[in-house]
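Enquirer: Handing over coords-v7.cif, mmCIF, N, CA and C atoms.
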```cif
data_final
loop_
_atom_site.label_atom_id
_atom_site.label_comp_id
_atom_site.auth_asym_id
_atom_site.auth_seq_id
_atom_site.Cartn_x
_atom_site.Cartn_y
_atom_site.Cartn_z
N MET B 578 116.02 -70.25 71.54
CA MET B 578 116.60 -69.60 70.38
C MET B 578 117.95 -69.01 70.80
N SER B 579 118.96 -69.22 69.97
CA SER B 579 120.28 -68.71 70.30
C SER B 579 120.32 -67.19 70.18
N ARG B 580 121.31 -66.61 70.80
CA ARG B 580 121.46 -65.15 70.75
C ARG B 580 121.63 -64.68 69.31
N GLU B 581 122.38 -65.43 68.51
CA GLU B 581 122.59 -65.06 67.11
C GLU B 581 121.26 -65.08 66.34
N ASN B 582 120.44 -66.11 66.57
CA ASN B 582 119.14 -66.18 65.91
C ASN B 582 118.22 -65.06 66.38
N GLU B 583 118.27 -64.72 67.65
CA GLU B 583 117.46 -63.63 68.16
C GLU B 583 117.85 -62.31 67.51
N GLU B 584 119.17 -62.09 67.36
CA GLU B 584 119.63 -60.86 66.70
C GLU B 584 119.22 -60.83 65.24
N THR B 585 119.30 -61.96 64.58
CA THR B 585 118.90 -62.03 63.17
C THR B 585 117.42 -61.72 63.03
N ALA B 586 116.59 -62.31 63.86
CA ALA B 586 115.15 -62.06 63.82
C ALA B 586 114.85 -60.59 64.12
N ALA B 587 115.52 -60.03 65.10
CA ALA B 587 115.31 -58.63 65.45
C ALA B 587 115.68 -57.72 64.28
N PHE B 588 116.80 -58.03 63.61
CA PHE B 588 117.22 -57.23 62.46
C PHE B 588 116.20 -57.33 61.33
N GLN B 589 115.74 -58.55 61.03
CA GLN B 589 114.77 -58.73 59.95
C GLN B 589 113.46 -58.01 60.25
N ASN B 590 113.02 -58.06 61.49
CA ASN B 590 111.81 -57.34 61.88
C ASN B 590 111.98 -55.84 61.71
N TRP B 591 113.15 -55.34 62.07
CA TRP B 591 113.43 -53.92 61.93
C TRP B 591 113.53 -53.54 60.45
N MET B 592 114.22 -54.34 59.67
CA MET B 592 114.47 -54.04 58.26
C MET B 592 113.20 -54.10 57.43
N TRP B 593 112.43 -55.17 57.56
CA TRP B 593 111.27 -55.39 56.70
C TRP B 593 109.94 -55.11 57.38
N GLY B 594 109.94 -55.01 58.67
CA GLY B 594 108.69 -54.80 59.38
C GLY B 594 107.88 -56.08 59.50
N ARG B 595 106.77 -55.97 60.15
CA ARG B 595 105.86 -57.10 60.32
C ARG B 595 104.44 -56.59 60.16
N MET B 596 103.59 -57.46 59.68
CA MET B 596 102.17 -57.12 59.56
C MET B 596 101.39 -58.32 60.03
N SER B 597 100.46 -58.10 60.93
CA SER B 597 99.66 -59.22 61.44
C SER B 597 98.69 -59.67 60.37
N PRO B 598 98.29 -60.95 60.41
CA PRO B 598 97.28 -61.42 59.46
C PRO B 598 95.99 -60.60 59.56
N ASN B 599 95.62 -60.21 60.76
CA ASN B 599 94.40 -59.41 60.94
C ASN B 599 94.52 -58.06 60.24
N ASP B 600 95.66 -57.39 60.40
CA ASP B 600 95.87 -56.10 59.73
C ASP B 600 95.85 -56.26 58.21
N PHE B 601 96.49 -57.34 57.72
CA PHE B 601 96.51 -57.60 56.28
C PHE B 601 95.09 -57.81 55.77
N ALA B 602 94.30 -58.57 56.51
CA ALA B 602 92.91 -58.85 56.11
C ALA B 602 92.07 -57.57 56.10
N ILE B 603 92.33 -56.68 57.04
CA ILE B 603 91.58 -55.41 57.08
C ILE B 603 91.96 -54.54 55.89
N VAL B 604 93.25 -54.41 55.63
CA VAL B 604 93.72 -53.56 54.53
C VAL B 604 93.27 -54.10 53.18
N TRP B 605 93.34 -55.41 53.00
CA TRP B 605 93.09 -56.00 51.69
C TRP B 605 91.74 -56.72 51.59
N ALA B 606 90.78 -56.36 52.43
CA ALA B 606 89.45 -56.99 52.38
C ALA B 606 88.82 -56.75 51.01
N PRO B 607 88.12 -57.72 50.46
CA PRO B 607 87.96 -59.07 50.99
C PRO B 607 89.12 -59.96 50.56
N VAL B 608 89.78 -60.53 51.51
CA VAL B 608 90.85 -61.49 51.23
C VAL B 608 90.57 -62.73 52.08
N GLY B 609 90.79 -63.89 51.49
CA GLY B 609 90.46 -65.12 52.19
C GLY B 609 91.67 -65.78 52.83
N TYR B 610 91.38 -66.81 53.60
CA TYR B 610 92.45 -67.57 54.25
C TYR B 610 93.38 -68.18 53.21
N ARG B 611 92.83 -68.57 52.07
CA ARG B 611 93.64 -69.20 51.02
C ARG B 611 94.70 -68.22 50.50
N GLU B 612 94.29 -66.98 50.21
CA GLU B 612 95.24 -65.98 49.70
C GLU B 612 96.30 -65.66 50.75
N ILE B 613 95.90 -65.51 51.99
CA ILE B 613 96.87 -65.23 53.05
C ILE B 613 97.83 -66.41 53.19
N GLY B 614 97.29 -67.62 53.11
CA GLY B 614 98.13 -68.82 53.18
C GLY B 614 99.14 -68.89 52.05
N LEU B 615 98.71 -68.53 50.83
CA LEU B 615 99.64 -68.53 49.69
C LEU B 615 100.80 -67.56 49.93
N VAL B 616 100.47 -66.38 50.42
CA VAL B 616 101.51 -65.37 50.68
C VAL B 616 102.49 -65.86 51.74
N CYS B 617 101.97 -66.52 52.77
CA CYS B 617 102.80 -66.94 53.90
C CYS B 617 103.43 -68.32 53.73
N GLY B 618 102.98 -69.06 52.73
CA GLY B 618 103.51 -70.41 52.54
C GLY B 618 102.97 -71.40 53.55
N VAL B 619 101.72 -71.20 53.97
CA VAL B 619 101.08 -72.10 54.93
C VAL B 619 99.70 -72.47 54.39
N SER B 620 99.07 -73.44 55.02
CA SER B 620 97.74 -73.86 54.59
C SER B 620 96.67 -72.88 55.07
N ALA B 621 95.52 -72.95 54.41
CA ALA B 621 94.38 -72.14 54.84
C ALA B 621 93.96 -72.52 56.26
N SER B 622 94.15 -73.79 56.61
CA SER B 622 93.82 -74.25 57.95
C SER B 622 94.69 -73.56 59.00
N THR B 623 95.96 -73.39 58.70
CA THR B 623 96.86 -72.68 59.63
C THR B 623 96.40 -71.25 59.81
N VAL B 624 96.04 -70.60 58.70
CA VAL B 624 95.55 -69.22 58.77
C VAL B 624 94.28 -69.16 59.61
N GLN B 625 93.43 -70.15 59.45
CA GLN B 625 92.19 -70.20 60.24
C GLN B 625 92.52 -70.24 61.74
N HIS B 626 93.55 -70.98 62.12
CA HIS B 626 93.97 -71.03 63.52
C HIS B 626 94.44 -69.66 64.01
N TRP B 627 95.07 -68.88 63.13
CA TRP B 627 95.52 -67.54 63.51
C TRP B 627 94.33 -66.63 63.82
N PHE B 628 93.21 -66.83 63.09
CA PHE B 628 92.05 -65.96 63.26
C PHE B 628 91.05 -66.49 64.28
N SER B 629 91.30 -67.66 64.83
CA SER B 629 90.36 -68.22 65.80
C SER B 629 90.39 -67.41 67.10
N ASP B 630 89.39 -67.62 67.92
CA ASP B 630 89.29 -66.95 69.21
C ASP B 630 90.56 -67.22 70.02
N PRO B 631 91.22 -66.17 70.50
CA PRO B 631 92.47 -66.36 71.25
C PRO B 631 92.34 -67.27 72.46
N SER B 632 91.14 -67.42 72.99
CA SER B 632 90.98 -68.31 74.14
C SER B 632 90.75 -69.77 73.72
N ALA B 633 90.55 -70.01 72.44
CA ALA B 633 90.32 -71.37 71.94
C ALA B 633 91.63 -72.17 71.96
N THR B 634 91.50 -73.46 72.18
CA THR B 634 92.70 -74.31 72.22
C THR B 634 93.34 -74.43 70.84
N SER B 635 92.59 -74.20 69.78
CA SER B 635 93.13 -74.31 68.42
C SER B 635 93.84 -73.03 67.96
N HIS B 636 93.75 -71.97 68.74
CA HIS B 636 94.35 -70.69 68.35
C HIS B 636 95.87 -70.79 68.31
N ARG B 637 96.46 -70.21 67.28
CA ARG B 637 97.92 -70.14 67.15
C ARG B 637 98.29 -68.71 66.79
N GLU B 638 99.41 -68.26 67.29
CA GLU B 638 99.95 -66.96 66.91
C GLU B 638 100.93 -67.17 65.76
N PRO B 639 100.86 -66.34 64.72
CA PRO B 639 101.83 -66.50 63.63
C PRO B 639 103.22 -66.09 64.09
N SER B 640 104.22 -66.78 63.56
CA SER B 640 105.61 -66.45 63.90
C SER B 640 106.03 -65.19 63.13
N ASP B 641 107.27 -64.79 63.34
CA ASP B 641 107.79 -63.61 62.66
C ASP B 641 107.80 -63.78 61.14
N ARG B 642 108.16 -64.96 60.67
CA ARG B 642 108.31 -65.17 59.22
C ARG B 642 107.04 -64.84 58.44
N PRO B 643 105.87 -65.41 58.77
CA PRO B 643 104.68 -65.05 58.00
C PRO B 643 104.31 -63.57 58.14
N GLN B 644 104.59 -62.98 59.29
CA GLN B 644 104.28 -61.56 59.46
C GLN B 644 105.20 -60.68 58.61
N ARG B 645 106.46 -61.11 58.45
CA ARG B 645 107.36 -60.37 57.55
C ARG B 645 106.91 -60.55 56.10
N LEU B 646 106.47 -61.77 55.74
CA LEU B 646 105.99 -62.01 54.37
C LEU B 646 104.74 -61.18 54.08
N LEU B 647 103.87 -61.03 55.06
CA LEU B 647 102.69 -60.20 54.85
C LEU B 647 103.06 -58.73 54.68
N ALA B 648 104.04 -58.26 55.44
CA ALA B 648 104.51 -56.88 55.27
C ALA B 648 105.10 -56.68 53.88
N LEU B 649 105.89 -57.65 53.44
CA LEU B 649 106.48 -57.58 52.10
C LEU B 649 105.39 -57.63 51.03
N ALA B 650 104.42 -58.53 51.19
CA ALA B 650 103.32 -58.63 50.23
C ALA B 650 102.51 -57.34 50.20
N ASP B 651 102.27 -56.74 51.36
CA ASP B 651 101.54 -55.48 51.42
C ASP B 651 102.28 -54.42 50.61
N TRP B 652 103.58 -54.31 50.80
CA TRP B 652 104.38 -53.34 50.04
C TRP B 652 104.30 -53.64 48.54
N TRP B 653 104.46 -54.92 48.18
CA TRP B 653 104.48 -55.33 46.78
C TRP B 653 103.14 -55.03 46.12
N LEU B 654 102.05 -55.38 46.79
CA LEU B 654 100.72 -55.15 46.24
C LEU B 654 100.44 -53.66 46.05
N ARG B 655 100.87 -52.85 47.02
CA ARG B 655 100.68 -51.39 46.90
C ARG B 655 101.55 -50.82 45.77
N THR B 656 102.78 -51.27 45.71
CA THR B 656 103.72 -50.75 44.71
C THR B 656 103.26 -51.07 43.29
N PHE B 657 102.79 -52.28 43.06
CA PHE B 657 102.43 -52.71 41.72
C PHE B 657 100.92 -52.70 41.46
N ASN B 658 100.17 -52.11 42.40
CA ASN B 658 98.74 -51.89 42.24
C ASN B 658 97.98 -53.19 41.93
N PHE B 659 98.18 -54.18 42.76
CA PHE B 659 97.50 -55.47 42.65
C PHE B 659 96.63 -55.66 43.88
N THR B 660 95.70 -56.61 43.80
CA THR B 660 94.97 -57.08 44.97
C THR B 660 95.41 -58.52 45.22
N PRO B 661 95.24 -59.04 46.41
CA PRO B 661 95.59 -60.44 46.66
C PRO B 661 94.85 -61.40 45.73
N ARG B 662 93.61 -61.09 45.40
CA ARG B 662 92.84 -61.96 44.49
C ARG B 662 93.45 -61.96 43.09
N GLN B 663 93.90 -60.80 42.61
CA GLN B 663 94.55 -60.75 41.30
C GLN B 663 95.85 -61.55 41.32
N LEU B 664 96.58 -61.41 42.39
CA LEU B 664 97.83 -62.15 42.53
C LEU B 664 97.56 -63.66 42.54
N SER B 665 96.55 -64.07 43.27
CA SER B 665 96.17 -65.48 43.34
C SER B 665 95.73 -65.99 41.97
N ALA B 666 94.96 -65.19 41.24
CA ALA B 666 94.51 -65.59 39.90
C ALA B 666 95.70 -65.75 38.95
N GLN B 667 96.68 -64.86 39.04
CA GLN B 667 97.86 -64.99 38.19
C GLN B 667 98.64 -66.25 38.56
N PHE B 668 98.71 -66.57 39.84
CA PHE B 668 99.40 -67.78 40.27
C PHE B 668 98.68 -69.01 39.73
N GLU B 669 97.35 -69.02 39.80
CA GLU B 669 96.57 -70.14 39.27
C GLU B 669 96.82 -70.31 37.77
N GLN B 670 96.88 -69.20 37.05
CA GLN B 670 97.15 -69.26 35.61
C GLN B 670 98.55 -69.83 35.37
N TYR B 671 99.51 -69.41 36.16
CA TYR B 671 100.87 -69.93 36.06
C TYR B 671 100.89 -71.45 36.28
N LEU B 672 100.16 -71.93 37.28
CA LEU B 672 100.10 -73.37 37.55
C LEU B 672 99.46 -74.12 36.39
N ARG B 673 98.40 -73.57 35.83
CA ARG B 673 97.73 -74.22 34.68
C ARG B 673 98.70 -74.31 33.49
N GLN B 674 99.43 -73.25 33.24
CA GLN B 674 100.37 -73.25 32.11
C GLN B 674 101.48 -74.27 32.34
N ARG B 675 101.94 -74.37 33.55
CA ARG B 675 102.99 -75.35 33.87
C ARG B 675 102.49 -76.78 33.69
N SER B 676 101.22 -77.02 34.00
CA SER B 676 100.69 -78.38 33.89
C SER B 676 100.51 -78.79 32.42
N LEU B 677 100.41 -77.81 31.52
CA LEU B 677 100.27 -78.11 30.10
C LEU B 677 101.60 -78.40 29.43
N GLU B 678 102.67 -78.01 30.05
CA GLU B 678 104.01 -78.22 29.45
C GLU B 678 104.46 -79.65 29.55
#
```
Please express the file's structure as structure tokens.
Expert:
Amino acid sequence: MSRENEETAAFQNWMWGRMSPNDFAIVWAPVGYREIGLVCGVSASTVQHWFSDPSATSHREPSDRPQRLLALADWWLRTFNFTPRQLSAQFEQYLRQRSLE
């Protein structure tokens, strides 16, 4: 990673913060891999790899981007008094409406 990209990532982490998928799941329980994946823009399978045993070969650590998105989602959900499931249900309704157009 170039020095400029490192500085940009450091600034974004400082500005918006980061939240681990585990912390998000604890705060917003019960929340599923699907909801976390929607927030982060990744598949439920990817989220499953984040939660797998750290010693497992399938384990992956989330990058800064999904952790920043989780921090932003946490703020948004708290500010507007939503749960991840409510947000997901509204998104599903939006998709259904779009498919009817």
Enquirer: Considering only N, CA and C atoms, return as a list in words whatever protein or nucleic-acid residues lie within 7 Å of region 605-607 of chain B, sequence-local ones (same chain, fewer than 4 positions apart) excluded.
Expert: Asp600, Phe601, Pro661 and Arg662 of chain B
Enquirer: Rounded to one decimal place, report the CA of Ala648 (chain B)-CA of Met596 (chain B) distance in Å.
Expert: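 Distance reported for this atom pair: 4.9 Å.
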Enquirer: Could you name the residues that touch region 589-593 of chain B at 6.5 Å or less, counting all atoms listed in the file, but leaving out those on the same chain fewer than 2 positions away, as a list in words?
Expert: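 After dropping sequence-adjacent residues, the list is Glu584, Thr585, Ala586, Ala587, Arg595, Arg645, Ala648 and Leu649 of chain B.
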Enquirer: For this file, the PyMOL selection byres ((chain B and resi 638) around 7) selects which residues, as a PyMOL selection string?
Expert: chain B and resi 626-627+636-637+639-640
Enquirer: Just how far from atom N of Asn582 (chain B) is atom N of Ala621 (chain B), in Å to one decimal?
Expert: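 Computing the Euclidean distance for atom N of Ala621 (chain B) and atom N of Asn582 (chain B) yields 28.6 Å.
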Enquirer: Which distance in Å separates CA of Arg642 (chain B) and CA of Arg675 (chain B), to one decimal?
Expert: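 Atom-to-atom, CA of Arg642 (chain B) to CA of Arg675 (chain B), that is 27.8 Å.
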Enquirer: Of the residues B:Asn599, B:Gln674, B:Asn658, B:Ser665, which is the one nearest to Phe628 (chain B), using only C-alpha atoms?
Expert: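 Selected residue with least distance to Phe628 (chain B): B:Asn599.
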Enquirer: From the list B:Ala633, B:Leu664, B:Leu677, B:Val624, which residue is nearest Asp651 (chain B) when using only C-alpha atoms?
Expert: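 The answer is B:Leu664, which sits nearest to Asp651 (chain B).
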Enquirer: May I have the protein, DNA and RNA residues with an atom at most 10 Å from (93.4, -66.7, 44.1), counting only C-alpha atoms in the file's coordinates, returned as a PDB file with N, CA and C atoms, in the frame of the given file?
Expert:
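The file below, point-v8.pdb, is the result:
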```pdb
ATOM      1  N   VAL B 608      89.780 -60.530  51.510  1.00  0.00           N
ATOM      2  CA  VAL B 608      90.850 -61.490  51.230  1.00  0.00           C
ATOM      3  C   VAL B 608      90.570 -62.730  52.080  1.00  0.00           C
ATOM      4  N   GLY B 609      90.790 -63.890  51.490  1.00  0.00           N
ATOM      5  CA  GLY B 609      90.460 -65.120  52.190  1.00  0.00           C
ATOM      6  C   GLY B 609      91.670 -65.780  52.830  1.00  0.00           C
ATOM      7  N   ARG B 611      92.830 -68.570  52.070  1.00  0.00           N
ATOM      8  CA  ARG B 611      93.640 -69.200  51.020  1.00  0.00           C
ATOM      9  C   ARG B 611      94.700 -68.220  50.500  1.00  0.00           C
ATOM     10  N   GLU B 612      94.290 -66.980  50.210  1.00  0.00           N
ATOM     11  CA  GLU B 612      95.240 -65.980  49.700  1.00  0.00           C
ATOM     12  C   GLU B 612      96.300 -65.660  50.750  1.00  0.00           C
ATOM     13  N   ILE B 613      95.900 -65.510  51.990  1.00  0.00           N
ATOM     14  CA  ILE B 613      96.870 -65.230  53.050  1.00  0.00           C
ATOM     15  C   ILE B 613      97.830 -66.410  53.190  1.00  0.00           C
ATOM     16  N   LEU B 615      98.710 -68.530  50.830  1.00  0.00           N
ATOM     17  CA  LEU B 615      99.640 -68.530  49.690  1.00  0.00           C
ATOM     18  C   LEU B 615     100.800 -67.560  49.930  1.00  0.00           C
ATOM     19  N   THR B 660      95.700 -56.610  43.800  1.00  0.00           N
ATOM     20  CA  THR B 660      94.970 -57.080  44.970  1.00  0.00           C
ATOM     21  C   THR B 660      95.410 -58.520  45.220  1.00  0.00           C
ATOM     22  N   PRO B 661      95.240 -59.040  46.410  1.00  0.00           N
ATOM     23  CA  PRO B 661      95.590 -60.440  46.660  1.00  0.00           C
ATOM     24  C   PRO B 661      94.850 -61.400  45.730  1.00  0.00           C
ATOM     25  N   ARG B 662      93.610 -61.090  45.400  1.00  0.00           N
ATOM     26  CA  ARG B 662      92.840 -61.960  44.490  1.00  0.00           C
ATOM     27  C   ARG B 662      93.450 -61.960  43.090  1.00  0.00           C
ATOM     28  N   GLN B 663      93.900 -60.800  42.610  1.00  0.00           N
ATOM     29  CA  GLN B 663      94.550 -60.750  41.300  1.00  0.00           C
ATOM     30  C   GLN B 663      95.850 -61.550  41.320  1.00  0.00           C
ATOM     31  N   LEU B 664      96.580 -61.410  42.390  1.00  0.00           N
ATOM     32  CA  LEU B 664      97.830 -62.150  42.530  1.00  0.00           C
ATOM     33  C   LEU B 664      97.560 -63.660  42.540  1.00  0.00           C
ATOM     34  N   SER B 665      96.550 -64.070  43.270  1.00  0.00           N
ATOM     35  CA  SER B 665      96.170 -65.480  43.340  1.00  0.00           C
ATOM     36  C   SER B 665      95.730 -65.990  41.970  1.00  0.00           C
ATOM     37  N   ALA B 666      94.960 -65.190  41.240  1.00  0.00           N
ATOM     38  CA  ALA B 666      94.510 -65.590  39.900  1.00  0.00           C
ATOM     39  C   ALA B 666      95.700 -65.750  38.950  1.00  0.00           C
ATOM     40  N   GLN B 667      96.680 -64.860  39.040  1.00  0.00           N
ATOM     41  CA  GLN B 667      97.860 -64.990  38.190  1.00  0.00           C
ATOM     42  C   GLN B 667      98.640 -66.250  38.560  1.00  0.00           C
ATOM     43  N   PHE B 668      98.710 -66.570  39.840  1.00  0.00           N
ATOM     44  CA  PHE B 668      99.400 -67.780  40.270  1.00  0.00           C
ATOM     45  C   PHE B 668      98.680 -69.010  39.730  1.00  0.00           C
ATOM     46  N   GLU B 669      97.350 -69.020  39.800  1.00  0.00           N
ATOM     47  CA  GLU B 669      96.570 -70.140  39.270  1.00  0.00           C
ATOM     48  C   GLU B 669      96.820 -70.310  37.770  1.00  0.00           C
ATOM     49  N   GLN B 670      96.880 -69.200  37.050  1.00  0.00           N
ATOM     50  CA  GLN B 670      97.150 -69.260  35.610  1.00  0.00           C
ATOM     51  C   GLN B 670      98.550 -69.830  35.370  1.00  0.00           C
TER      52      GLN B 670
END
```
